[in-house]
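Quick look at protein_13.cif (mmCIF, C-alpha atoms and all ligand atoms):
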data_work
loop_
_atom_site.label_atom_id
_atom_site.label_comp_id
_atom_site.auth_asym_id
_atom_site.auth_seq_id
_atom_site.Cartn_x
_atom_site.Cartn_y
_atom_site.Cartn_z
CA MET A 230 2.10 7.67 27.38
CA ALA A 231 0.17 10.10 25.19
CA LYS A 232 -2.49 11.29 27.63
CA PRO A 233 -3.46 9.21 30.68
CA THR A 234 -7.12 10.21 30.44
CA GLY A 235 -7.26 10.39 26.64
CA PHE A 236 -9.25 7.19 26.16
CA LEU A 237 -11.84 8.50 28.64
CA GLU A 238 -12.10 11.93 27.03
CA TYR A 239 -12.19 11.10 23.33
CA GLY A 240 -14.16 8.57 21.34
CA ARG A 241 -12.97 7.03 18.11
CA ALA A 242 -13.48 9.57 15.35
CA ALA A 243 -15.68 8.76 12.37
CA PHE A 244 -13.25 9.83 9.68
CA PRO A 245 -15.04 11.77 6.95
CA THR A 246 -15.60 10.29 3.53
CA ARG A 247 -16.28 12.25 0.35
CA PRO A 248 -20.01 12.60 -0.36
CA VAL A 249 -21.48 9.78 -2.45
CA PRO A 250 -22.76 12.09 -5.25
CA GLU A 251 -19.16 13.22 -5.70
CA ARG A 252 -17.65 9.74 -5.42
CA VAL A 253 -19.85 8.17 -8.09
CA ARG A 254 -18.34 10.57 -10.61
CA ASP A 255 -14.73 9.51 -10.12
CA TYR A 256 -12.55 6.62 -8.91
CA GLN A 257 -10.53 8.55 -6.36
CA GLU A 258 -9.88 7.75 -2.70
CA VAL A 259 -12.93 7.74 -0.47
CA TYR A 260 -11.45 9.26 2.69
CA ARG A 261 -10.73 12.93 3.21
CA SER A 262 -7.75 14.23 5.13
CA VAL A 263 -8.47 15.53 8.64
CA PRO A 264 -6.95 18.37 10.70
CA ALA A 265 -3.90 17.58 12.82
CA ARG A 266 -5.96 18.34 15.94
CA VAL A 267 -8.26 15.39 15.21
CA VAL A 268 -5.30 13.06 14.69
CA ARG A 269 -3.74 14.26 17.95
CA ASP A 270 -6.94 13.50 19.88
CA GLN A 271 -7.08 10.05 18.30
CA ALA A 272 -3.46 9.37 19.26
CA ALA A 273 -4.31 10.55 22.80
CA ARG A 274 -6.63 7.54 23.12
CA CYS A 275 -3.64 5.16 23.21
CA LYS A 276 -3.20 3.69 26.72
CA ASP A 277 0.46 2.72 26.21
CA CYS A 278 -0.34 -0.77 27.50
CA GLY A 279 2.34 -2.66 29.43
CA ILE A 280 2.08 -5.38 26.80
CA PRO A 281 1.25 -3.61 23.51
CA PHE A 282 -0.79 -6.28 21.74
CA CYS A 283 -1.22 -3.88 18.80
CA GLN A 284 2.50 -4.09 18.17
CA SER A 285 2.58 -7.88 18.13
CA GLY A 286 -0.65 -7.84 16.09
CA CYS A 287 1.09 -5.79 13.41
CA PRO A 288 2.91 -8.10 10.95
CA LEU A 289 5.66 -5.47 10.71
CA GLY A 290 6.04 -5.04 14.47
CA ASN A 291 5.35 -1.31 14.18
CA VAL A 292 6.08 0.40 17.50
CA ILE A 293 2.61 1.90 17.64
CA PRO A 294 2.44 3.30 21.21
CA ASP A 295 5.64 5.26 20.55
CA TRP A 296 4.30 7.07 17.53
CA ASN A 297 0.93 7.66 19.16
CA ASP A 298 2.74 9.40 22.01
CA LEU A 299 4.88 11.44 19.62
CA VAL A 300 1.89 12.53 17.54
CA TYR A 301 0.06 13.58 20.69
CA ARG A 302 3.09 15.71 21.66
CA GLY A 303 3.29 17.25 18.18
CA GLN A 304 6.63 15.55 17.41
CA TRP A 305 5.55 14.40 13.97
CA ARG A 306 9.01 14.12 12.49
CA VAL A 307 10.26 11.79 15.22
CA ALA A 308 6.99 9.85 14.90
CA TYR A 309 7.77 9.38 11.19
CA GLU A 310 11.29 8.20 11.98
CA ARG A 311 9.93 5.62 14.44
CA LEU A 312 7.35 4.50 11.88
CA GLN A 313 9.69 4.16 8.93
CA ALA A 314 12.20 2.22 11.05
CA THR A 315 9.87 -0.79 10.85
CA ASN A 316 7.72 -0.01 7.81
CA ASN A 317 9.08 0.53 4.30
CA PHE A 318 5.85 1.95 2.92
CA PRO A 319 3.61 3.45 5.62
CA GLU A 320 1.74 5.43 2.96
CA PHE A 321 0.49 2.08 1.56
CA THR A 322 -0.26 0.31 4.83
CA GLY A 323 -1.88 3.44 6.26
CA ARG A 324 -4.40 3.18 3.43
CA ILE A 325 -4.93 -0.49 2.66
CA CYS A 326 -3.71 -2.65 5.54
CA PRO A 327 -6.52 -4.73 7.09
CA ALA A 328 -5.17 -3.36 10.40
CA PRO A 329 -4.83 -6.46 12.60
CA CYS A 330 -3.23 -4.04 15.09
CA GLU A 331 -6.64 -2.48 15.69
CA ALA A 332 -8.21 -5.90 16.20
CA ALA A 333 -5.54 -6.50 18.88
CA CYS A 334 -5.87 -3.07 20.56
CA VAL A 335 -6.68 -3.46 24.28
CA LEU A 336 -9.01 -0.45 24.19
CA GLY A 337 -11.13 -2.46 21.76
CA ILE A 338 -12.14 -4.88 24.54
CA ASN A 339 -14.78 -2.52 25.91
CA ASP A 340 -14.55 0.48 23.57
CA GLU A 341 -13.58 1.13 19.98
CA PRO A 342 -9.89 0.58 19.20
CA VAL A 343 -7.40 3.37 18.58
CA SER A 344 -7.50 4.54 14.93
CA ILE A 345 -3.99 3.22 14.39
CA GLU A 346 -4.11 2.80 10.63
CA ARG A 347 -5.41 6.31 10.05
CA ILE A 348 -2.79 7.83 12.35
CA GLU A 349 -0.16 5.90 10.40
CA GLN A 350 -1.41 7.36 7.12
CA GLU A 351 -1.42 10.89 8.53
CA ILE A 352 2.17 10.53 9.79
CA ALA A 353 3.30 9.24 6.39
CA GLU A 354 1.52 11.96 4.43
CA ARG A 355 2.82 14.70 6.68
CA ALA A 356 6.35 13.35 6.20
CA PHE A 357 5.97 13.61 2.42
CA SER A 358 4.34 17.05 2.52
CA GLU A 359 7.06 18.40 4.86
CA ALA A 360 9.76 16.89 2.57
CA TRP A 361 11.13 14.71 5.36
CA VAL A 362 11.04 11.82 2.91
CA ILE A 363 13.94 12.49 0.58
CA PRO A 364 16.12 10.15 -1.50
CA ALA A 365 18.94 8.68 0.57
CA PRO A 366 21.28 6.79 -1.77
CA PRO A 367 23.49 4.47 0.31
CA CYS A 368 27.20 3.69 0.16
CA ARG A 369 27.60 0.75 -2.19
CA SER A 370 28.64 -2.74 -1.12
CA GLY A 371 29.74 -3.85 -4.57
CA LYS A 372 27.17 -6.69 -4.55
CA ARG A 373 24.33 -7.02 -7.03
CA ALA A 374 20.90 -8.46 -6.28
CA VAL A 375 17.92 -9.15 -8.50
CA VAL A 376 14.35 -9.13 -7.21
CA VAL A 377 11.80 -10.95 -9.37
CA GLY A 378 8.34 -9.41 -9.05
CA SER A 379 7.45 -5.82 -8.18
CA GLY A 380 4.47 -6.20 -5.85
CA PRO A 381 4.70 -4.93 -2.27
CA ALA A 382 6.91 -7.87 -1.29
CA GLY A 383 9.37 -7.21 -4.15
CA LEU A 384 9.42 -3.47 -3.51
CA ALA A 385 10.04 -3.85 0.23
CA CYS A 386 12.76 -6.37 -0.51
CA ALA A 387 14.37 -4.04 -3.07
CA ASP A 388 14.21 -1.14 -0.59
CA GLN A 389 15.87 -3.15 2.19
CA LEU A 390 18.63 -4.50 -0.06
CA ASN A 391 19.25 -1.06 -1.52
CA ARG A 392 19.48 0.49 1.95
CA ALA A 393 22.11 -2.16 2.75
CA GLY A 394 24.12 -0.84 -0.20
CA HIS A 395 23.57 -3.57 -2.78
CA MET A 396 22.82 -2.65 -6.40
CA VAL A 397 19.25 -3.84 -6.92
CA THR A 398 17.45 -4.67 -10.16
CA VAL A 399 13.73 -5.48 -10.05
CA LEU A 400 12.36 -7.61 -12.89
CA GLU A 401 8.65 -7.33 -13.66
CA ARG A 402 6.84 -9.24 -16.38
CA ASP A 403 4.02 -6.71 -16.54
CA ASP A 404 4.07 -3.38 -18.36
CA ARG A 405 4.14 -1.38 -15.12
CA ILE A 406 5.72 -1.76 -11.69
CA GLY A 407 3.64 -2.48 -8.60
CA GLY A 408 2.05 -5.94 -8.83
CA LEU A 409 -1.36 -5.98 -7.20
CA LEU A 410 -0.79 -2.47 -5.83
CA ARG A 411 -0.98 -1.39 -9.48
CA TYR A 412 -3.46 -3.73 -11.10
CA GLY A 413 -5.39 -5.33 -8.23
CA ILE A 414 -6.24 -2.69 -5.64
CA PRO A 415 -8.57 0.00 -6.99
CA ASP A 416 -7.92 3.73 -6.79
CA PHE A 417 -10.71 4.31 -4.28
CA LYS A 418 -8.43 2.64 -1.72
CA LEU A 419 -5.02 3.54 -3.12
CA GLU A 420 -4.62 6.16 -5.84
CA LYS A 421 -1.75 5.32 -8.14
CA TRP A 422 0.12 8.58 -7.59
CA VAL A 423 0.89 7.25 -4.10
CA LEU A 424 2.61 4.24 -5.65
CA ASN A 425 4.36 6.35 -8.33
CA ARG A 426 5.68 8.74 -5.70
CA ARG A 427 7.37 5.86 -3.86
CA LEU A 428 8.73 4.35 -7.09
CA ASP A 429 10.28 7.70 -8.03
CA LEU A 430 11.98 7.76 -4.66
CA LEU A 431 13.32 4.22 -5.04
CA ARG A 432 14.64 5.08 -8.52
CA GLN A 433 16.40 8.16 -7.16
CA GLU A 434 17.97 5.97 -4.49
CA GLY A 435 19.38 3.71 -7.18
CA VAL A 436 16.90 0.84 -7.59
CA ARG A 437 16.61 -0.20 -11.24
CA PHE A 438 13.24 -1.38 -12.56
CA VAL A 439 12.85 -3.48 -15.70
CA THR A 440 9.32 -4.05 -17.01
CA GLY A 441 8.30 -6.59 -19.65
CA ALA A 442 10.91 -8.98 -18.21
CA HIS A 443 9.14 -12.30 -17.66
CA LEU A 444 11.64 -14.59 -15.98
CA GLY A 445 11.64 -18.00 -17.61
CA VAL A 446 9.66 -16.74 -20.62
CA ASN A 447 11.29 -13.77 -22.40
CA TYR A 448 14.01 -13.26 -19.77
CA PRO A 449 16.29 -16.32 -19.67
CA VAL A 450 17.15 -17.70 -16.24
CA GLU A 451 20.80 -17.86 -17.38
CA ARG A 452 20.97 -14.06 -17.26
CA LEU A 453 20.58 -14.20 -13.50
CA ARG A 454 24.12 -15.51 -13.14
CA GLN A 455 25.40 -11.93 -13.25
CA TYR A 456 23.83 -11.29 -9.84
CA ASP A 457 25.16 -12.26 -6.42
CA ALA A 458 21.69 -13.03 -5.07
CA MET A 459 18.17 -13.47 -6.34
CA ILE A 460 14.91 -13.04 -4.42
CA LEU A 461 11.67 -14.42 -5.80
CA CYS A 462 8.63 -12.26 -4.99
CA VAL A 463 6.31 -13.47 -7.73
CA GLY A 464 3.02 -13.40 -5.81
CA ALA A 465 0.14 -15.76 -6.43
CA THR A 466 -1.72 -14.36 -9.47
CA ALA A 467 -4.24 -17.18 -9.06
CA PRO A 468 -7.89 -16.29 -8.52
CA GLY A 469 -9.90 -18.75 -6.45
CA ASP A 470 -12.31 -20.65 -8.68
CA LEU A 471 -15.60 -22.32 -7.78
CA ASN A 472 -16.21 -25.92 -8.78
CA ILE A 473 -19.99 -25.68 -9.04
CA ALA A 474 -22.68 -26.41 -11.61
CA GLY A 475 -23.05 -23.61 -14.14
CA ARG A 476 -19.52 -22.33 -13.68
CA ASP A 477 -19.02 -22.58 -17.45
CA LEU A 478 -21.94 -20.26 -18.26
CA ARG A 479 -21.26 -17.11 -20.28
CA GLY A 480 -20.70 -13.82 -18.45
CA ILE A 481 -18.86 -15.17 -15.39
CA HIS A 482 -15.61 -13.30 -14.78
CA PHE A 483 -12.92 -13.30 -12.13
CA ALA A 484 -12.70 -10.06 -10.15
CA PHE A 485 -8.98 -10.32 -10.80
CA ASP A 486 -9.47 -9.86 -14.58
CA PHE A 487 -12.08 -7.17 -14.11
CA LEU A 488 -9.94 -5.16 -11.69
CA ARG A 489 -6.90 -5.37 -13.92
CA GLN A 490 -8.92 -3.94 -16.80
CA GLN A 491 -10.54 -1.33 -14.60
CA ASN A 492 -7.21 -0.17 -13.21
CA LYS A 493 -5.84 0.08 -16.74
CA ARG A 494 -8.89 2.01 -17.83
CA VAL A 495 -8.51 4.48 -14.94
CA ILE A 496 -4.83 4.97 -15.85
CA GLY A 497 -6.01 5.85 -19.39
CA ASP A 498 -4.86 2.77 -21.30
CA ASN A 499 -6.64 1.80 -24.49
CA LEU A 500 -7.81 -1.74 -23.77
CA GLU A 501 -8.93 -2.47 -27.32
CA ARG A 502 -5.54 -1.43 -28.69
CA GLU A 503 -3.83 -3.72 -26.18
CA GLY A 504 -5.94 -6.62 -27.41
CA LEU A 505 -7.82 -6.91 -24.12
CA VAL A 506 -11.53 -7.54 -24.52
CA PRO A 507 -13.10 -5.21 -21.96
CA VAL A 508 -15.35 -6.82 -19.39
CA THR A 509 -18.29 -4.44 -19.62
CA ALA A 510 -21.83 -4.80 -18.43
CA TRP A 511 -23.45 -1.49 -19.21
CA GLY A 512 -27.19 -1.67 -18.82
CA LYS A 513 -27.09 -5.21 -17.49
CA ASP A 514 -27.62 -6.69 -14.04
CA VAL A 515 -24.52 -7.99 -12.28
CA ILE A 516 -24.18 -10.27 -9.28
CA VAL A 517 -20.97 -10.10 -7.25
CA ILE A 518 -20.01 -13.24 -5.31
CA GLY A 519 -17.59 -12.60 -2.48
C1 LIG A 601 -8.42 -7.09 -5.65
C2 LIG A 601 -7.44 -7.16 -4.54
C3 LIG A 601 -7.54 -6.26 -3.49
C4 LIG A 601 -6.66 -6.33 -2.43
N1 LIG A 601 -6.76 -5.43 -1.42
C5 LIG A 601 -5.91 -5.47 -0.39
C6 LIG A 601 -5.99 -4.53 0.66
O1 LIG A 601 -6.85 -3.65 0.67
N2 LIG A 601 -5.10 -4.62 1.68
C7 LIG A 601 -4.14 -5.59 1.68
O2 LIG A 601 -3.34 -5.62 2.62
N3 LIG A 601 -4.04 -6.50 0.71
C8 LIG A 601 -4.90 -6.46 -0.33
N4 LIG A 601 -4.79 -7.38 -1.33
C9 LIG A 601 -3.75 -8.41 -1.23
C10 LIG A 601 -2.42 -7.85 -1.68
O3 LIG A 601 -2.58 -7.13 -2.88
C11 LIG A 601 -1.42 -8.98 -1.86
O4 LIG A 601 -1.31 -9.68 -0.65
C12 LIG A 601 -0.06 -8.45 -2.25
O5 LIG A 601 -0.12 -7.70 -3.44
C13 LIG A 601 0.95 -9.58 -2.42
O6 LIG A 601 2.18 -8.98 -2.73
P1 LIG A 601 3.29 -9.75 -3.54
O7 LIG A 601 4.37 -8.75 -3.78
O8 LIG A 601 3.62 -11.02 -2.85
O9 LIG A 601 2.62 -10.20 -4.93
P2 LIG A 601 1.99 -9.39 -6.14
O10 LIG A 601 1.44 -8.07 -5.74
O11 LIG A 601 1.09 -10.35 -6.82
O12 LIG A 601 3.25 -9.11 -7.08
C14 LIG A 601 3.94 -10.16 -7.73
C15 LIG A 601 4.55 -9.60 -9.00
O13 LIG A 601 5.43 -10.58 -9.56
C16 LIG A 601 5.31 -10.53 -10.97
N5 LIG A 601 5.78 -11.79 -11.52
C17 LIG A 601 5.24 -13.01 -11.34
N6 LIG A 601 5.97 -13.94 -11.99
C18 LIG A 601 6.98 -13.28 -12.60
C19 LIG A 601 8.07 -13.69 -13.42
N7 LIG A 601 8.27 -14.99 -13.74
N8 LIG A 601 8.93 -12.75 -13.90
C20 LIG A 601 8.77 -11.44 -13.58
N9 LIG A 601 7.74 -10.99 -12.80
C21 LIG A 601 6.88 -11.91 -12.31
C22 LIG A 601 3.82 -10.29 -11.17
O14 LIG A 601 3.54 -9.78 -12.49
C23 LIG A 601 3.52 -9.27 -10.08
O15 LIG A 601 3.68 -7.94 -10.52
C24 LIG A 601 -5.67 -7.33 -2.41
C25 LIG A 601 -5.56 -8.24 -3.48
C26 LIG A 601 -6.44 -8.15 -4.53
C27 LIG A 601 -6.33 -9.13 -5.66
S1 LIG A 602 -2.31 -0.68 9.98
FE1 LIG A 602 -0.11 -0.28 10.20
S2 LIG A 602 0.32 -0.68 12.38
FE2 LIG A 602 -1.65 -1.65 11.89
S3 LIG A 602 -1.15 -3.80 11.32
FE3 LIG A 602 -1.21 -2.59 9.43
S4 LIG A 602 0.93 -1.95 9.10
FE4 LIG A 602 0.78 -2.60 11.25
#
Before anything else, please render the file you have as structure tokens.
Ligand SMILES: Cc1cc2nc3c(=O)[nH]c(=O)nc-3n(C[C@H](O)[C@H](O)[C@H](O)COP(=O)(O)OP(=O)(O)OC[C@H]3O[C@@H](n4cnc5c(N)ncnc54)[C@H](O)[C@@H]3O)c2cc1C
Ligand code: SF4
Amino acid sequence: MAKPTGFLEYGRAAFPTRPVPERVRDYQEVYRSVPARVVRDQAARCKDCGIPFCQSGCPLGNVIPDWNDLVYRGQWRVAYERLQATNNFPEFTGRICPAPCEAACVLGINDEPVSIERIEQEIAERAFSEAWVIPAPPCRSGKRAVVVGSGPAGLACADQLNRAGHMVTVLERDDRIGGLLRYGIPDFKLEKWVLNRRLDLLRQEGVRFVTGAHLGVNYPVERLRQYDAMILCVGATAPGDLNIAGRDLRGIHFAFDFLRQQNKRVIGDNLEREGLVPVTAWGKDVIVIG
């Protein structure tokens, strides 16, 4: 257990955000990093419950009380090892997960829950900054697998198969790897260098990425016969529509289309040259539904 009286001594920290006048001038992440001391105090709030509901609340089964204890004791490297044993990409989930673990945290019954997601992010970022995350190419099994789709599901799948020694190829119909991590989720939650850093690592470990490969369209299904196994991780790519009067009026756009364009714009792509008509509304009033 981190600190038996920790939850009595420390409240949940209000993690600092960048000032609004600064944020309106860029698209970068909103949260600032915090000193290790603050993270340690937050980890100290964990009660190491007999039944850790946080752990079963986490879709990955992250062993949260263990890494809270390790962070409190300053054993960050072991904390990272415990974290990455269940989580392929803690630097993503530590930023964008809806954190059902915190909703399940027992401390949250009569206090604010442990800042699990933020602790997770800090462990992951420290691991990268200390160079504990290094390419680890495996021994090869001689088997070949193809993963179709390069969103978080496809990437996690590719990582697991690669760790098991199989030669992995990821096919992606889009012009860049990442699925909705790339073209759905905006930079203010997840800057794209975080994604690129992980992709570089996967490449160095032997995962092969092929963009512009649309299975069933410009990439014939027959070509998949060269692989021993195929995993489909093609996502949904289907925005939810509204069947209401006036839906066909001009100027109604899906957030999905807007965010794709906006992410491309932030990357520096020329939308006009790509034949995309930019969804712009300068000087106009906009209503956002949802
Ligand atoms: C705007 C937005 C914000 C979000 N924010 C969050 C958040 O903050 N936190 C969170 O946890 N979740 C968030 N989500 C949800 C999250 O992004 C999705 O749950 C997640 O991306 C699904 O991962 P996936 O790998 O299954 O699919 P996707 O990310 O959709 O990836 C599927 C990939 O498959 C490719 N593909 C499809 N068909 C083919 C084919 N035939 N051949 C080759 N490639 C193909 C697609 O081009 C795509 O790249 C958000 C979603 C959106 C839209
Ligand atoms: S924030 Fe981390 S520990 Fe919590 S549910 Fe998400 S992945 Fe699991």
*May I ask you to write as a ChimeraX atom specification all residues lying at most 8 Å from ligand LIG 601 (chain A), with all atoms listed in the file counted?*
/A:322,324-327,377-384,400-403,406-410,413-415,418,441-446,448,462-466,468,484-485,488
Given the selection you just returned, output its residues as a file containing C-alpha atoms, formatted as an mmCIF file, in the coordinates of the input.
data_model
loop_
_atom_site.group_PDB
_atom_site.id
_atom_site.type_symbol
_atom_site.label_atom_id
_atom_site.label_comp_id
_atom_site.auth_asym_id
_atom_site.auth_seq_id
_atom_site.Cartn_x
_atom_site.Cartn_y
_atom_site.Cartn_z
ATOM 1 C CA THR A 322 -0.260 0.310 4.830
ATOM 2 C CA ARG A 324 -4.400 3.180 3.430
ATOM 3 C CA ILE A 325 -4.930 -0.490 2.660
ATOM 4 C CA CYS A 326 -3.710 -2.650 5.540
ATOM 5 C CA PRO A 327 -6.520 -4.730 7.090
ATOM 6 C CA VAL A 377 11.800 -10.950 -9.370
ATOM 7 C CA GLY A 378 8.340 -9.410 -9.050
ATOM 8 C CA SER A 379 7.450 -5.820 -8.180
ATOM 9 C CA GLY A 380 4.470 -6.200 -5.850
ATOM 10 C CA PRO A 381 4.700 -4.930 -2.270
ATOM 11 C CA ALA A 382 6.910 -7.870 -1.290
ATOM 12 C CA GLY A 383 9.370 -7.210 -4.150
ATOM 13 C CA LEU A 384 9.420 -3.470 -3.510
ATOM 14 C CA LEU A 400 12.360 -7.610 -12.890
ATOM 15 C CA GLU A 401 8.650 -7.330 -13.660
ATOM 16 C CA ARG A 402 6.840 -9.240 -16.380
ATOM 17 C CA ASP A 403 4.020 -6.710 -16.540
ATOM 18 C CA ILE A 406 5.720 -1.760 -11.690
ATOM 19 C CA GLY A 407 3.640 -2.480 -8.600
ATOM 20 C CA GLY A 408 2.050 -5.940 -8.830
ATOM 21 C CA LEU A 409 -1.360 -5.980 -7.200
ATOM 22 C CA LEU A 410 -0.790 -2.470 -5.830
ATOM 23 C CA GLY A 413 -5.390 -5.330 -8.230
ATOM 24 C CA ILE A 414 -6.240 -2.690 -5.640
ATOM 25 C CA PRO A 415 -8.570 0.000 -6.990
ATOM 26 C CA LYS A 418 -8.430 2.640 -1.720
ATOM 27 C CA GLY A 441 8.300 -6.590 -19.650
ATOM 28 C CA ALA A 442 10.910 -8.980 -18.210
ATOM 29 C CA HIS A 443 9.140 -12.300 -17.660
ATOM 30 C CA LEU A 444 11.640 -14.590 -15.980
ATOM 31 C CA GLY A 445 11.640 -18.000 -17.610
ATOM 32 C CA VAL A 446 9.660 -16.740 -20.620
ATOM 33 C CA TYR A 448 14.010 -13.260 -19.770
ATOM 34 C CA CYS A 462 8.630 -12.260 -4.990
ATOM 35 C CA VAL A 463 6.310 -13.470 -7.730
ATOM 36 C CA GLY A 464 3.020 -13.400 -5.810
ATOM 37 C CA ALA A 465 0.140 -15.760 -6.430
ATOM 38 C CA THR A 466 -1.720 -14.360 -9.470
ATOM 39 C CA PRO A 468 -7.890 -16.290 -8.520
ATOM 40 C CA ALA A 484 -12.700 -10.060 -10.150
ATOM 41 C CA PHE A 485 -8.980 -10.320 -10.800
ATOM 42 C CA LEU A 488 -9.940 -5.160 -11.690
#
*Interatomic distance, CA of Asn391 in chain A to CA of Glu420 in chain A (Å, one decimal)*: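 If I compute the distance from CA of Asn391 in chain A to CA of Glu420 in chain A, I get 25.3 Å.
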_From the options A:Lys372, A:Arg311, A:Arg269, A:Lys276, which residue's atoms come nearest to ligand LIG 602 (chain A), counting only C-alpha atoms and all ligand atoms?_
A:Arg311
*Compare A:Ala387, A:Ala272, A:Ile516, A:Val450 by their minimum atom-to-atom distance to Gln304 in chain A, counting all atoms listed in the file, and give me the closest one.*
A:Ala272
*Could you tell me which of A:His395, A:Lys493, A:Arg347, A:Lys421 comes closest to ligand LIG 602 (chain A) if we count all atoms listed in the file?*
A:Arg347
Select, counting only C-alpha atoms, all protein, DNA and RNA residues no farther than 10 Å from (23.4, -13.3, -6.8) in file coordinates, and express the selection as a PDB file with C-alpha atoms, in the frame of the given file.
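Now in selection-v2.pdb:
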ATOM      1  CA  LYS A 372      27.170  -6.690  -4.550  1.00  0.00           C
ATOM      2  CA  ARG A 373      24.330  -7.020  -7.030  1.00  0.00           C
ATOM      3  CA  ALA A 374      20.900  -8.460  -6.280  1.00  0.00           C
ATOM      4  CA  VAL A 375      17.920  -9.150  -8.500  1.00  0.00           C
ATOM      5  CA  VAL A 376      14.350  -9.130  -7.210  1.00  0.00           C
ATOM      6  CA  LEU A 453      20.580 -14.200 -13.500  1.00  0.00           C
ATOM      7  CA  ARG A 454      24.120 -15.510 -13.140  1.00  0.00           C
ATOM      8  CA  GLN A 455      25.400 -11.930 -13.250  1.00  0.00           C
ATOM      9  CA  TYR A 456      23.830 -11.290  -9.840  1.00  0.00           C
ATOM     10  CA  ASP A 457      25.160 -12.260  -6.420  1.00  0.00           C
ATOM     11  CA  ALA A 458      21.690 -13.030  -5.070  1.00  0.00           C
ATOM     12  CA  MET A 459      18.170 -13.470  -6.340  1.00  0.00           C
ATOM     13  CA  ILE A 460      14.910 -13.040  -4.420  1.00  0.00           C
TER      14      ILE A 460
END
*Residues within 7 Å of ligand LIG 602 (chain A), counting all atoms listed in the file: report them as a PyMOL selection string.*
chain A and resi 286-291+293+319+322-323+326-331+345-346+349
_Exercise: Pro281 in chain A partners within 9 Å, only C-alpha atoms, chain neighbours under 3 positions left out, as a list of chain:residue names_ =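 So, after excluding close chain neighbours, the residues are A:Asp277, A:Cys278, A:Gln284, A:Ser285, A:Gly286, A:Val292, A:Ile293, A:Pro294, A:Ala333, A:Cys334, A:Val335.
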*Find the spatial neighbours of Leu237 in chain A, counting all atoms listed in the file, within a cut-off of 10 Å - ignore same-chain residues fewer than 6 positions away - and output them as a PyMOL selection string.*
chain A and resi 273-274+340
*asked:* Using Å and a single decimal, report how far CA of Ile352 in chain A sits from CA of Val307 in chain A.
replied: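 Between CA of Val307 in chain A and CA of Ile352 in chain A the gap is 9.8 Å.
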